[in-house]
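*Asks:* Quick one: this structure, given as structure tokens, is what I'll be asking you about.
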Amino acid sequence: MIDPGGKKRHSLTAHAATIRIVQQLLRTAGPRKCGGVRQSEFDALLVELDELYDLVTWLELHRSEFVEWRAGRKRRDDE
């Protein structure tokens, strides 16, 4: 998708898919192959990725509400 400014914009669905791929790669590698991080830090990262996936999914489902909210925020910032 390309916006009017000519920048390429990725769909939220594509972002969600990327998050899932990164999660799978991390789970496959494990904490030792990811820089030897502690298991608790590794688990916390996976939880954060789950939350990010949920957020991106929610934004996709409620895109029109988000666009309205963002436009309102931009108007307030411009004042």
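Chain labels A, B, ... are given in the sequence in which chains occur in the structure tokens; within each chain residues are numbered consecutively from 1, and ligands are likewise numbered from 1 in the order shown.
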Need to verify the contact set: Ile21 in chain A, 12 Å, only C-alpha atoms, exclusion of same-chain residues closer than 4 positions in sequence. Can you return it as a PyMOL selection string?
*Replies:* chain A and resi 14-17+25-28+46+49-50+53
*Asks:* For the alpha helix (DSSP H) assignment from backbone DSSP, which residues of chain A qualify? Please present them as number ranges by chain.
*Replies:* A: 12-29, 39-61, 63-78
*Asks:* What lies within 12 Å of Leu59 in chain A using only C-alpha atoms, ignoring chain neighbours under 5 positions off, as a VMD selection string?
*Replies:* chain A and resid 11 to 13 15 to 16 52 to 54 64 to 70
*Asks:* Residues as selected, C-alpha atoms, written as a compact mmCIF listing (two decimals), in the first residue's frame, can you do that?
*Replies:*
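Output contents, as saved in out_2.txt:
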# COMPACT_ATOMS: atom_id res chain seq x y z
CA SER A 11 -0.65 -3.46 6.17
CA LEU A 12 -1.39 -4.22 9.77
CA THR A 13 -2.02 -7.83 8.75
CA HIS A 15 2.88 -6.57 10.65
CA ALA A 16 0.93 -9.16 12.65
CA LEU A 52 1.95 -6.29 20.43
CA TYR A 53 0.28 -8.87 18.18
CA ASP A 54 -3.01 -8.35 20.04
CA SER A 64 -11.82 3.32 11.16
CA GLU A 65 -12.04 4.15 14.88
CA PHE A 66 -8.26 4.41 15.05
CA VAL A 67 -8.06 6.67 11.99
CA GLU A 68 -10.69 8.98 13.52
CA TRP A 69 -8.85 9.04 16.85
CA ARG A 70 -5.52 9.77 15.16
*Asks:* Ranking A:Ile19, A:Asp78, A:Leu61, A:Lys33 by minimum distance to Glu48 in chain A and counting only C-alpha atoms, which one comes first?
*Replies:* A:Ile19
